[in-house]
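Text of final-v5.tsv, listed as TSV, C-alpha atoms:
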chain	number	residue	atom	x	y	z
T	625	MET	CA	-131.93	-9.83	-26.56
T	626	THR	CA	-135.26	-8.62	-27.82
T	627	HIS	CA	-136.52	-5.29	-26.64
T	628	THR	CA	-139.78	-5.49	-24.72
T	629	VAL	CA	-141.22	-2.36	-26.29
T	630	SER	CA	-141.24	-1.11	-29.85
T	631	ASN	CA	-137.79	0.24	-30.54
T	632	ASP	CA	-138.53	2.00	-33.80
T	633	ILE	CA	-139.05	5.58	-32.59
T	634	ALA	CA	-136.30	7.46	-34.41
T	635	GLY	CA	-133.72	9.07	-32.17
T	636	THR	CA	-135.20	7.66	-28.97
T	637	PHE	CA	-133.89	5.14	-26.43
T	638	ILE	CA	-136.59	3.36	-24.42
T	639	PHE	CA	-135.35	2.19	-21.03
T	640	ASP	CA	-136.82	-1.29	-21.07
T	641	SER	CA	-135.68	-4.43	-19.27
T	642	VAL	CA	-132.97	-5.15	-21.83
T	643	ARG	CA	-131.35	-1.74	-21.36
T	644	SER	CA	-131.87	-1.83	-17.60
T	645	ARG	CA	-130.03	-5.15	-17.29
T	646	GLN	CA	-127.29	-3.98	-19.62
T	647	GLY	CA	-126.90	-0.62	-17.93
T	648	TYR	CA	-127.30	-1.42	-14.24
T	649	HIS	CA	-123.66	-0.78	-13.30
T	650	LEU	CA	-123.34	2.22	-15.61
T	651	ASN	CA	-126.40	3.79	-14.02
T	652	MET	CA	-125.30	2.97	-10.50
T	653	PHE	CA	-121.94	4.59	-11.25
T	654	CYS	CA	-123.94	7.72	-12.17
T	655	MET	CA	-125.98	7.34	-9.00
T	656	SER	CA	-122.78	7.30	-6.94
T	657	LEU	CA	-122.11	10.86	-8.15
T	658	MET	CA	-124.87	12.07	-5.86
T	659	LYS	CA	-122.21	12.10	-3.11
T	660	ALA	CA	-119.62	14.89	-3.05
T	661	ASP	CA	-116.79	12.56	-1.99
T	662	ASN	CA	-117.47	10.34	-4.98
T	663	ARG	CA	-117.60	13.30	-7.34
T	664	ASP	CA	-114.18	14.38	-6.05
T	665	ALA	CA	-112.75	10.87	-6.49
T	666	PHE	CA	-114.17	10.63	-10.01
T	667	ARG	CA	-112.73	14.01	-11.00
T	668	ALA	CA	-109.32	13.11	-9.56
T	669	ASP	CA	-108.99	9.99	-11.74
T	670	GLU	CA	-112.01	9.20	-13.90
T	671	ASP	CA	-110.74	5.93	-15.30
T	672	ALA	CA	-109.68	4.55	-11.91
T	673	TYR	CA	-113.02	5.53	-10.40
T	674	LEU	CA	-114.94	3.84	-13.23
T	675	HIS	CA	-113.09	0.60	-12.52
T	676	ARG	CA	-114.83	0.44	-9.15
T	677	PHE	CA	-117.96	-0.54	-11.10
T	678	ALA	CA	-118.57	-3.69	-13.12
T	679	MET	CA	-119.01	-1.71	-16.33
T	680	THR	CA	-117.97	-2.86	-19.77
T	681	ALA	CA	-115.01	-1.25	-21.51
T	682	ALA	CA	-117.40	0.27	-24.02
T	683	GLN	CA	-119.48	1.83	-21.25
T	684	ARG	CA	-116.36	3.24	-19.55
T	685	ASP	CA	-115.19	4.64	-22.85
T	686	ALA	CA	-118.55	6.29	-23.51
T	687	VAL	CA	-118.41	7.94	-20.08
T	688	LEU	CA	-114.84	9.16	-20.58
T	689	ARG	CA	-115.78	10.63	-23.99
T	690	ARG	CA	-119.09	12.00	-22.66
T	691	ALA	CA	-120.72	10.23	-25.59
T	692	TRP	CA	-124.22	10.79	-24.23
T	693	ASN	CA	-126.15	8.87	-26.89
T	694	THR	CA	-123.76	5.93	-26.71
T	695	MET	CA	-124.24	5.76	-22.96
T	696	LEU	CA	-127.98	5.41	-23.50
T	697	GLU	CA	-127.46	2.89	-26.26
T	698	LEU	CA	-125.41	0.81	-23.81
T	699	GLY	CA	-128.10	0.83	-21.16
T	700	GLY	CA	-127.78	4.25	-19.57
T	701	ASN	CA	-130.87	6.12	-18.50
T	702	VAL	CA	-131.07	9.86	-18.98
T	703	TYR	CA	-132.06	10.60	-15.37
T	704	TYR	CA	-128.86	8.82	-14.30
T	705	THR	CA	-126.55	10.24	-16.95
T	706	ALA	CA	-127.90	13.67	-15.95
T	707	LYS	CA	-125.98	13.17	-12.70
T	708	LEU	CA	-122.77	12.85	-14.71
T	709	ALA	CA	-123.68	16.04	-16.56
T	710	ALA	CA	-124.33	17.76	-13.22
T	711	THR	CA	-120.91	16.61	-12.00
T	712	ASP	CA	-119.45	18.34	-15.06
T	713	GLY	CA	-121.44	21.49	-14.22
T	714	MET	CA	-123.45	20.96	-17.39
T	715	PRO	CA	-127.15	21.92	-17.45
T	716	VAL	CA	-129.46	19.08	-18.45
T	717	ALA	CA	-130.56	21.09	-21.49
T	718	HIS	CA	-126.96	21.18	-22.72
T	719	MET	CA	-126.76	17.40	-22.43
T	720	SER	CA	-130.02	17.16	-24.38
T	721	ALA	CA	-128.57	19.55	-26.97
T	722	ALA	CA	-125.46	17.41	-27.33
T	723	MET	CA	-127.60	14.32	-27.92
T	724	ALA	CA	-129.58	16.21	-30.54
T	725	GLY	CA	-126.34	17.23	-32.26
T	726	LEU	CA	-127.04	20.91	-31.64
T	727	HIS	CA	-125.07	23.72	-30.06
T	728	PRO	CA	-126.75	24.64	-26.75
T	729	LEU	CA	-127.81	28.03	-28.14
T	730	ALA	CA	-129.28	26.44	-31.26
T	731	TYR	CA	-131.12	23.93	-29.05
T	732	GLN	CA	-132.47	26.69	-26.83
T	733	ALA	CA	-133.60	28.63	-29.90
T	734	MET	CA	-135.42	25.53	-31.17
T	735	MET	CA	-137.18	25.18	-27.81
T	736	VAL	CA	-138.15	28.86	-27.61
T	737	ALA	CA	-139.58	28.53	-31.12
T	738	GLY	CA	-141.87	25.77	-29.88
T	739	GLY	CA	-139.62	22.74	-29.72
T	740	ARG	CA	-138.86	19.95	-32.15
T	741	ASP	CA	-141.79	19.01	-34.34
T	742	GLY	CA	-142.42	15.33	-33.73
T	743	ALA	CA	-143.17	14.82	-37.41
T	744	SER	CA	-139.67	15.85	-38.41
T	745	PRO	CA	-137.09	13.20	-37.56
T	746	PRO	CA	-133.76	14.28	-36.09
T	747	ASP	CA	-131.14	15.29	-38.64
T	748	ALA	CA	-128.38	13.00	-37.45
T	749	PRO	CA	-129.12	9.47	-36.32
T	750	HIS	CA	-126.23	9.38	-33.88
T	751	PRO	CA	-124.40	12.68	-33.55
T	752	ASP	CA	-122.07	11.76	-30.65
T	753	GLU	CA	-119.02	11.88	-32.86
T	754	ALA	CA	-119.64	15.54	-33.71
T	755	PHE	CA	-118.77	16.52	-30.15
S	1007	MET	CA	-165.53	12.81	6.76
S	1008	ALA	CA	-162.64	13.73	4.51
S	1009	HIS	CA	-163.48	14.87	0.99
S	1010	ILE	CA	-161.60	15.78	-2.17
S	1011	SER	CA	-162.38	19.31	-3.30
S	1012	ALA	CA	-160.22	19.71	-6.39
S	1013	GLY	CA	-157.41	18.35	-8.49
S	1014	VAL	CA	-154.41	20.19	-9.87
S	1015	GLY	CA	-152.28	19.15	-12.83
S	1016	CYS	CA	-148.84	20.69	-12.91
S	1017	SER	CA	-145.48	20.16	-14.59
S	1018	HIS	CA	-142.49	19.65	-12.29
S	1019	ILE	CA	-139.49	20.74	-14.37
S	1020	PRO	CA	-136.31	21.04	-12.25
S	1021	ALA	CA	-135.16	24.18	-14.10
S	1022	ILE	CA	-138.26	25.94	-12.72
S	1023	GLY	CA	-137.05	25.24	-9.19
S	1024	ALA	CA	-133.57	26.39	-10.07
S	1025	ALA	CA	-134.93	29.61	-11.61
S	1026	LEU	CA	-136.97	30.33	-8.49
S	1027	ASP	CA	-134.16	29.46	-6.11
S	1028	HIS	CA	-131.67	31.65	-7.95
S	1029	GLY	CA	-133.90	34.71	-8.24
S	1030	LYS	CA	-134.54	34.42	-11.98
S	1031	ALA	CA	-138.33	34.28	-11.82
S	1032	ALA	CA	-138.73	37.83	-13.17
S	1033	GLU	CA	-136.43	37.30	-16.16
S	1034	PRO	CA	-138.14	37.43	-19.58
S	1035	TYR	CA	-137.58	33.71	-20.18
S	1036	TRP	CA	-139.18	32.67	-16.87
S	1037	ALA	CA	-141.74	35.39	-16.12
S	1038	PRO	CA	-144.47	33.88	-18.35
S	1039	VAL	CA	-144.16	30.56	-16.50
S	1040	PHE	CA	-144.55	32.04	-13.05
S	1041	ASN	CA	-147.23	34.51	-14.14
S	1042	GLY	CA	-149.19	31.57	-15.52
S	1043	PHE	CA	-149.50	30.16	-12.03
S	1044	ALA	CA	-150.43	33.44	-10.33
S	1045	PRO	CA	-154.22	32.92	-10.54
S	1046	THR	CA	-153.86	29.47	-8.98
S	1047	ARG	CA	-151.67	30.81	-6.20
S	1048	SER	CA	-154.42	33.20	-5.14
S	1049	TRP	CA	-157.11	30.53	-5.64
S	1050	ILE	CA	-155.37	27.96	-3.44
S	1051	ALA	CA	-154.58	30.59	-0.80
S	1052	ASP	CA	-158.36	31.10	-0.49
S	1053	GLU	CA	-159.22	27.39	-0.71
S	1054	LYS	CA	-156.79	26.39	2.06
S	1055	PRO	CA	-156.63	22.61	1.57
S	1056	ASP	CA	-155.99	20.65	4.76
S	1057	VAL	CA	-153.92	17.98	3.00
S	1058	ILE	CA	-152.47	17.52	-0.49
S	1059	ILE	CA	-151.92	14.09	-2.00
S	1060	LEU	CA	-149.11	14.81	-4.45
S	1061	VAL	CA	-148.55	12.31	-7.25
S	1062	TYR	CA	-145.07	12.63	-8.74
S	1063	ASN	CA	-142.11	10.57	-9.80
S	1064	ASP	CA	-138.75	10.26	-8.13
S	1065	HIS	CA	-135.87	10.98	-10.53
S	1066	ALA	CA	-133.24	8.58	-9.17
S	1067	SER	CA	-133.07	10.53	-5.90
S	1068	ALA	CA	-134.77	8.48	-3.17
S	1069	PHE	CA	-134.93	5.36	-5.32
S	1070	SER	CA	-132.43	3.93	-7.77
S	1071	LEU	CA	-132.29	0.82	-9.93
S	1072	ASP	CA	-131.81	-1.14	-6.69
S	1073	VAL	CA	-135.51	-0.87	-5.82
S	1074	ILE	CA	-138.18	0.29	-8.27
S	1075	PRO	CA	-141.62	0.56	-6.68
S	1076	THR	CA	-144.43	1.11	-9.15
S	1077	PHE	CA	-146.60	2.96	-6.60
S	1078	ALA	CA	-145.08	4.15	-3.32
S	1079	ILE	CA	-146.88	6.14	-0.63
S	1080	GLY	CA	-145.00	8.24	1.90
S	1081	CYS	CA	-146.37	7.63	5.39
S	1082	ALA	CA	-143.70	9.50	7.37
S	1083	ALA	CA	-144.26	12.58	9.50
S	1084	SER	CA	-141.85	14.60	7.37
S	1085	PHE	CA	-139.77	14.39	4.20
S	1086	ASN	CA	-136.60	16.35	3.49
S	1087	PRO	CA	-135.77	17.88	0.10
S	1088	ALA	CA	-133.37	15.52	-1.69
S	1089	ASP	CA	-129.81	16.35	-2.63
S	1090	GLU	CA	-130.00	15.73	-6.37
S	1091	GLY	CA	-126.28	16.18	-6.84
S	1092	TRP	CA	-125.94	19.94	-6.34
S	1093	GLY	CA	-127.22	20.25	-2.75
S	1094	PRO	CA	-130.85	20.12	-1.59
S	1095	ARG	CA	-133.20	22.87	-2.74
S	1096	GLN	CA	-133.45	25.49	-0.03
S	1097	VAL	CA	-137.17	24.95	0.49
S	1098	PRO	CA	-139.04	23.91	3.62
S	1099	ALA	CA	-139.15	20.29	4.71
S	1100	VAL	CA	-142.42	18.67	3.71
S	1101	GLN	CA	-144.72	17.72	6.57
S	1102	GLY	CA	-146.59	14.50	5.93
S	1103	HIS	CA	-149.97	13.35	7.21
S	1104	PRO	CA	-149.30	9.89	8.65
S	1105	GLY	CA	-152.92	9.40	9.72
S	1106	LEU	CA	-154.42	9.82	6.27
S	1107	ALA	CA	-151.39	8.29	4.53
S	1108	TRP	CA	-151.62	5.06	6.52
S	1109	HIS	CA	-155.39	4.97	6.02
S	1110	LEU	CA	-154.80	5.31	2.27
S	1111	ALA	CA	-152.14	2.59	2.31
S	1112	GLU	CA	-154.42	0.19	4.16
S	1113	GLN	CA	-157.52	0.92	2.15
S	1114	LEU	CA	-155.73	0.86	-1.19
S	1115	ILE	CA	-154.09	-2.49	-0.47
S	1116	LEU	CA	-157.42	-3.94	0.68
S	1117	ASP	CA	-158.84	-2.50	-2.55
S	1118	GLU	CA	-156.17	-4.59	-4.37
S	1119	PHE	CA	-153.72	-1.79	-5.17
S	1120	ASP	CA	-150.49	-3.17	-3.74
S	1121	MET	CA	-148.78	-0.01	-2.56
S	1122	THR	CA	-145.21	0.18	-1.33
S	1123	ILE	CA	-145.23	1.82	2.11
S	1124	VAL	CA	-142.36	4.26	2.66
S	1125	ASN	CA	-141.44	5.53	6.11
S	1126	LYS	CA	-138.22	7.28	5.17
S	1127	MET	CA	-137.73	9.11	1.91
S	1128	ASP	CA	-136.28	12.35	0.61
S	1129	VAL	CA	-138.40	14.13	-1.98
S	1130	ASP	CA	-136.90	15.65	-5.13
S	1131	HIS	CA	-137.94	18.37	-7.57
S	1132	GLY	CA	-140.82	16.21	-8.76
S	1133	LEU	CA	-142.58	17.02	-5.51
S	1134	THR	CA	-141.10	20.35	-4.44
S	1135	VAL	CA	-141.36	22.25	-7.75
S	1136	PRO	CA	-145.16	21.95	-7.89
S	1137	LEU	CA	-145.34	23.16	-4.28
S	1138	SER	CA	-143.15	26.14	-5.18
S	1139	LEU	CA	-145.32	26.97	-8.19
S	1140	MET	CA	-148.50	26.78	-6.14
S	1141	PHE	CA	-147.31	28.47	-2.95
S	1142	GLY	CA	-144.24	30.50	-3.92
S	1143	ALA	CA	-141.26	31.02	-1.62
S	1144	VAL	CA	-142.63	30.43	1.87
S	1145	PRO	CA	-141.00	29.73	5.26
S	1146	ALA	CA	-143.17	26.61	5.63
S	1147	TRP	CA	-145.55	24.81	3.27
S	1148	PRO	CA	-149.10	25.74	4.25
S	1149	CYS	CA	-150.41	22.19	4.70
S	1150	PRO	CA	-149.30	18.58	5.06
S	1151	VAL	CA	-148.45	16.68	1.87
S	1152	ILE	CA	-148.68	12.95	1.21
S	1153	PRO	CA	-146.12	11.96	-1.45
S	1154	LEU	CA	-147.28	9.30	-3.89
S	1155	ALA	CA	-144.36	8.29	-6.09
S	1156	VAL	CA	-144.93	6.49	-9.39
S	1157	ASN	CA	-142.30	4.71	-11.45
S	1158	VAL	CA	-142.19	6.32	-14.88
S	1159	ILE	CA	-138.46	5.78	-15.54
S	1160	GLN	CA	-138.18	2.02	-15.92
S	1161	TYR	CA	-140.37	0.72	-18.74
S	1162	PRO	CA	-143.15	-0.18	-18.27
S	1163	PRO	CA	-144.70	2.41	-16.01
S	1164	PRO	CA	-148.19	1.57	-14.81
S	1165	THR	CA	-150.74	1.91	-17.60
S	1166	GLY	CA	-152.88	4.98	-17.87
S	1167	ASN	CA	-155.86	2.82	-17.04
S	1168	ARG	CA	-154.22	1.48	-13.88
S	1169	CYS	CA	-153.39	5.03	-12.84
S	1170	PHE	CA	-156.97	6.14	-13.47
S	1171	ASP	CA	-158.28	3.22	-11.41
S	1172	LEU	CA	-155.83	3.94	-8.59
S	1173	GLY	CA	-157.16	7.47	-8.54
S	1174	LYS	CA	-160.70	6.17	-8.16
S	1175	ALA	CA	-159.55	3.97	-5.25
S	1176	ILE	CA	-157.89	7.02	-3.65
S	1177	GLY	CA	-161.21	8.83	-3.96
S	1178	ARG	CA	-163.00	5.99	-2.16
S	1179	ALA	CA	-160.32	5.78	0.53
S	1180	VAL	CA	-160.37	9.50	1.26
S	1181	ALA	CA	-164.16	9.39	1.56
S	1182	SER	CA	-163.91	6.75	4.29
S	1183	TYR	CA	-161.46	8.71	6.46
S	1184	PRO	CA	-163.34	9.87	9.55
S	1185	GLU	CA	-161.64	13.21	10.12
S	1186	ASN	CA	-163.18	16.25	8.42
S	1187	LEU	CA	-160.46	17.22	5.94
S	1188	LYS	CA	-160.45	19.12	2.67
S	1189	VAL	CA	-158.09	17.17	0.43
S	1190	MET	CA	-156.61	18.14	-2.91
S	1191	VAL	CA	-154.86	15.80	-5.31
S	1192	PHE	CA	-151.99	17.02	-7.49
S	1193	GLY	CA	-150.98	15.10	-10.61
S	1194	THR	CA	-147.59	16.27	-11.78
S	1195	GLY	CA	-145.09	15.82	-14.61
S	1196	GLY	CA	-145.22	16.34	-18.35
S	1197	LEU	CA	-146.45	17.61	-20.61
S	1198	SER	CA	-144.76	16.59	-23.84
S	1199	HIS	CA	-140.98	16.49	-23.61
S	1200	GLN	CA	-137.99	14.39	-24.52
S	1201	LEU	CA	-134.66	14.95	-22.80
S	1202	GLN	CA	-132.68	12.23	-24.52
S	1203	GLY	CA	-131.42	10.91	-27.81
S	1204	PRO	CA	-131.19	12.66	-31.18
S	1205	ARG	CA	-134.93	13.45	-30.93
S	1206	ALA	CA	-134.39	15.50	-27.73
S	1207	GLY	CA	-136.46	18.66	-27.66
S	1208	LEU	CA	-139.66	17.12	-29.00
S	1209	ILE	CA	-142.80	19.09	-28.15
S	1210	ASN	CA	-146.30	18.18	-29.31
S	1211	ARG	CA	-148.67	21.05	-28.67
S	1212	LEU	CA	-151.60	19.36	-30.41
S	1213	TRP	CA	-151.25	16.23	-28.27
S	1214	ASP	CA	-150.93	18.28	-25.08
S	1215	THR	CA	-153.94	20.41	-25.92
S	1216	ALA	CA	-156.08	17.37	-26.69
S	1217	PHE	CA	-155.00	15.75	-23.41
S	1218	LEU	CA	-155.96	18.85	-21.42
S	1219	ASP	CA	-159.24	19.17	-23.34
S	1220	ARG	CA	-160.25	15.58	-22.62
S	1221	LEU	CA	-159.12	15.46	-19.01
S	1222	SER	CA	-162.35	16.92	-17.66
S	1223	HIS	CA	-164.93	15.14	-19.85
S	1224	ASP	CA	-163.23	12.05	-21.33
S	1225	PRO	CA	-160.74	10.69	-18.80
S	1226	ALA	CA	-161.73	7.09	-19.56
S	1227	GLY	CA	-160.79	7.72	-23.18
S	1228	LEU	CA	-157.41	9.09	-22.10
S	1229	ALA	CA	-156.92	6.10	-19.82
S	1230	ALA	CA	-157.11	3.81	-22.85
S	1231	ILE	CA	-154.07	5.40	-24.51
S	1232	PRO	CA	-151.23	2.84	-24.62
S	1233	HIS	CA	-147.67	3.61	-23.54
S	1234	ILE	CA	-146.32	3.52	-27.05
S	1235	ASP	CA	-148.54	6.44	-28.05
S	1236	TYR	CA	-147.16	8.58	-25.23
S	1237	LEU	CA	-143.59	7.62	-26.14
S	1238	ARG	CA	-144.11	8.31	-29.81
S	1239	GLU	CA	-146.29	11.43	-29.59
S	1240	ALA	CA	-145.41	13.08	-26.27
S	1241	GLY	CA	-141.74	12.09	-26.14
S	1242	SER	CA	-139.93	9.53	-24.03
S	1243	GLU	CA	-140.33	11.62	-20.86
S	1244	GLY	CA	-143.86	12.72	-21.79
S	1245	ILE	CA	-145.03	9.40	-20.42
S	1246	GLU	CA	-145.08	11.16	-17.04
S	1247	MET	CA	-148.53	12.32	-18.10
S	1248	VAL	CA	-150.05	9.03	-16.90
S	1249	MET	CA	-149.67	10.47	-13.40
S	1250	TRP	CA	-152.27	13.12	-14.20
S	1251	LEU	CA	-154.79	10.30	-14.58
S	1252	ILE	CA	-154.36	9.36	-10.91
S	1253	MET	CA	-155.39	12.90	-10.01
S	1254	ARG	CA	-158.32	12.76	-12.43
S	1255	GLY	CA	-159.46	9.37	-11.19
S	1256	ALA	CA	-159.64	10.68	-7.62
S	1257	LEU	CA	-162.16	13.35	-8.66
S	1258	ASN	CA	-165.86	13.06	-9.34
S	1259	GLU	CA	-167.13	12.07	-12.75
S	1260	HIS	CA	-168.28	15.67	-13.17
S	1261	VAL	CA	-165.63	18.30	-12.71
S	1262	GLU	CA	-165.31	21.89	-13.83
S	1263	GLU	CA	-162.11	23.06	-15.44
S	1264	THR	CA	-161.64	26.42	-13.74
S	1265	TYR	CA	-158.15	27.25	-14.98
S	1266	ARG	CA	-155.65	26.18	-17.60
S	1267	PHE	CA	-152.18	27.36	-18.55
S	1268	TYR	CA	-149.86	26.07	-21.25
S	1269	HIS	CA	-146.46	27.40	-22.18
S	1270	VAL	CA	-143.46	26.28	-24.24
S	1271	PRO	CA	-140.73	26.02	-23.15
S	1272	ALA	CA	-139.30	25.59	-19.70
S	1273	SER	CA	-135.91	24.13	-20.56
S	1274	SER	CA	-136.88	21.14	-22.77
S	1275	THR	CA	-140.47	20.84	-21.63
S	1276	ALA	CA	-143.99	22.02	-22.34
S	1277	VAL	CA	-145.40	23.46	-19.10
S	1278	GLY	CA	-148.95	22.30	-18.46
S	1279	HIS	CA	-151.23	23.34	-15.65
S	1280	ILE	CA	-154.92	22.74	-15.01
S	1281	VAL	CA	-157.34	23.12	-12.11
S	1282	LEU	CA	-160.33	20.78	-11.95
S	1283	VAL	CA	-162.95	21.40	-9.26
S	1284	ASN	CA	-165.33	18.67	-8.11
S	1285	ARG	CA	-168.97	19.31	-8.95
Would you encode the structure as structure tokens?
Amino acid sequence: MTHTVSNDIAGTFIFDSVRSRQGYHLNMFCMSLMKADNRDAFRADEDAYLHRFAMTAAQRDAVLRRAWNTMLELGGNVYYTAKLAATDGMPVAHMSAAMAGLHPLAYQAMMVAGGRDGASPPDAPHPDEAF
Amino acid sequence: MAHISAGVGCSHIPAIGAALDHGKAAEPYWAPVFNGFAPTRSWIADEKPDVIILVYNDHASAFSLDVIPTFAIGCAASFNPADEGWGPRQVPAVQGHPGLAWHLAEQLILDEFDMTIVNKMDVDHGLTVPLSLMFGAVPAWPCPVIPLAVNVIQYPPPTGNRCFDLGKAIGRAVASYPENLKVMVFGTGGLSHQLQGPRAGLINRLWDTAFLDRLSHDPAGLAAIPHIDYLREAGSEGIEMVMWLIMRGALNEHVEETYRFYHVPASSTAVGHIVLVNR
């Protein structure tokens, strides 16, 4: 499927119609984690809980591995995957750091120093595997 | 008649709410952020708006991918803080203004802005963090608030131009409301930030500064900026800045910028704040 918006911004996933269609069930799984009972059920048996949703095997695998960039590549949206991070007790900034391939302290230091310069592309195109 | 006295632009970063709620506001990391809003807190305490129209986006709290309204206006009598996955913020419930909200809904739809009318909705940090920044920790918010939620999560959000025009229509609609009310409009979100992908952490101070500079005297120029420029220059989540153009559109052509504050970072985000007073 062709993306409906330019998809050439390095290191950036645009949540267009293609990703939204692809990621509906993945994102609605994340949405379900807004409820405490669901968080408990997910923690008790992550794989079984994921099978309640019509997700692909690749999406389930990305969730189980907390491969945050891969989730977005497969249609996840960051405001939804943030709910998975919250379920793990992980600050959103740590999730952002993981996607940037940086230790949370290195990421925070980058932000305190003024943030990432837009002119400098990210070092790693897809650093999920480093974590 | 009702009139709009001023507009406020304000970031709505959730970590700001968390810092306030957990007593961290005086810590060295956070103190500059809260101090930057101190002049506005005293200004708005003197101004005493009767109603605030607060433009924000829901972050998969009240809405999900099941229903994605582009523009939604809250017409209820009250709105509870949303549970965003770690319990609702311990802040007051938001009192609405059903009279003005319904008038806005009717007038905007007749003016060909096809609003979604919402009678039941929880409001997340997008709405409550700006209130906290402007009013601090209070037992009750000092005035009613009309939530106006904009989709900026699912591409495409409304264009900057559409937002600017909606703001103008809000200005017309407020002016035709018979009750004598002093109304303020808040545009929230931004400024540059990107929470996702390998490019997470992007900040563009030059872009942000130019946006703030042009907001008072060249809003039509800002309204012509296409989505792709926001995504590329201000980061994937920086596109929230289109919501500031609703606020700007609701004001007069001539406004005075009476206050500005800019700070990097709050978590992953550039904090932007501006006060524009109608002249």
*List the neighbours of Leu1060 of chain S out to 12 Å using only C-alpha atoms; skip same-chain residues closer than 5 positions along the sequence, and give me the result as a ChimeraX atom specification.*
/S:1013-1016,1018,1078-1080,1100,1102-1103,1107,1129,1132-1137,1149-1156,1173,1176,1189-1195,1249-1250,1252-1253,1256
Kindly export the residues of the current selection with C-alpha atoms, as a PDB file, in the coordinates of the input.
ATOM      1  CA  GLY S1013    -157.410  18.350  -8.490  1.00  0.00           C
ATOM      2  CA  VAL S1014    -154.410  20.190  -9.870  1.00  0.00           C
ATOM      3  CA  GLY S1015    -152.280  19.150 -12.830  1.00  0.00           C
ATOM      4  CA  CYS S1016    -148.840  20.690 -12.910  1.00  0.00           C
ATOM      5  CA  HIS S1018    -142.490  19.650 -12.290  1.00  0.00           C
ATOM      6  CA  ALA S1078    -145.080   4.150  -3.320  1.00  0.00           C
ATOM      7  CA  ILE S1079    -146.880   6.140  -0.630  1.00  0.00           C
ATOM      8  CA  GLY S1080    -145.000   8.240   1.900  1.00  0.00           C
ATOM      9  CA  VAL S1100    -142.420  18.670   3.710  1.00  0.00           C
ATOM     10  CA  GLY S1102    -146.590  14.500   5.930  1.00  0.00           C
ATOM     11  CA  HIS S1103    -149.970  13.350   7.210  1.00  0.00           C
ATOM     12  CA  ALA S1107    -151.390   8.290   4.530  1.00  0.00           C
ATOM     13  CA  VAL S1129    -138.400  14.130  -1.980  1.00  0.00           C
ATOM     14  CA  GLY S1132    -140.820  16.210  -8.760  1.00  0.00           C
ATOM     15  CA  LEU S1133    -142.580  17.020  -5.510  1.00  0.00           C
ATOM     16  CA  THR S1134    -141.100  20.350  -4.440  1.00  0.00           C
ATOM     17  CA  VAL S1135    -141.360  22.250  -7.750  1.00  0.00           C
ATOM     18  CA  PRO S1136    -145.160  21.950  -7.890  1.00  0.00           C
ATOM     19  CA  LEU S1137    -145.340  23.160  -4.280  1.00  0.00           C
ATOM     20  CA  CYS S1149    -150.410  22.190   4.700  1.00  0.00           C
ATOM     21  CA  PRO S1150    -149.300  18.580   5.060  1.00  0.00           C
ATOM     22  CA  VAL S1151    -148.450  16.680   1.870  1.00  0.00           C
ATOM     23  CA  ILE S1152    -148.680  12.950   1.210  1.00  0.00           C
ATOM     24  CA  PRO S1153    -146.120  11.960  -1.450  1.00  0.00           C
ATOM     25  CA  LEU S1154    -147.280   9.300  -3.890  1.00  0.00           C
ATOM     26  CA  ALA S1155    -144.360   8.290  -6.090  1.00  0.00           C
ATOM     27  CA  VAL S1156    -144.930   6.490  -9.390  1.00  0.00           C
ATOM     28  CA  GLY S1173    -157.160   7.470  -8.540  1.00  0.00           C
ATOM     29  CA  ILE S1176    -157.890   7.020  -3.650  1.00  0.00           C
ATOM     30  CA  VAL S1189    -158.090  17.170   0.430  1.00  0.00           C
ATOM     31  CA  MET S1190    -156.610  18.140  -2.910  1.00  0.00           C
ATOM     32  CA  VAL S1191    -154.860  15.800  -5.310  1.00  0.00           C
ATOM     33  CA  PHE S1192    -151.990  17.020  -7.490  1.00  0.00           C
ATOM     34  CA  GLY S1193    -150.980  15.100 -10.610  1.00  0.00           C
ATOM     35  CA  THR S1194    -147.590  16.270 -11.780  1.00  0.00           C
ATOM     36  CA  GLY S1195    -145.090  15.820 -14.610  1.00  0.00           C
ATOM     37  CA  MET S1249    -149.670  10.470 -13.400  1.00  0.00           C
ATOM     38  CA  TRP S1250    -152.270  13.120 -14.200  1.00  0.00           C
ATOM     39  CA  ILE S1252    -154.360   9.360 -10.910  1.00  0.00           C
ATOM     40  CA  MET S1253    -155.390  12.900 -10.010  1.00  0.00           C
ATOM     41  CA  ALA S1256    -159.640  10.680  -7.620  1.00  0.00           C
TER      42      ALA S1256
END
_Atom-to-atom span, atom CA of Lys1188 of chain S and atom CA of Asp1056 of chain S, Å_ =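 Computed distance, atom CA of Lys1188 of chain S to atom CA of Asp1056 of chain S, equals 5.2 Å.
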*Between atom CA of Leu1218 of chain S and atom CA of Gly1255 of chain S, measure the distance and give it in Å to one decimal.*
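Separating atom CA of Leu1218 of chain S from atom CA of Gly1255 of chain S is a distance of 14.4 Å.
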_Please compute the atom CA of Val1057 of chain S-atom CA of Leu1221 of chain S distance, one decimal, in Å._
22.8 Å
_Set the distance at 10 Å and use all atoms listed in the file: which residues neighbour segment 1025-1034 of chain S once local chain neighbours fewer than 6 positions away are removed? I'd like the list as a ChimeraX atom specification._
/S:1040-1041,1095-1097,1135,1138-1139,1142-1143
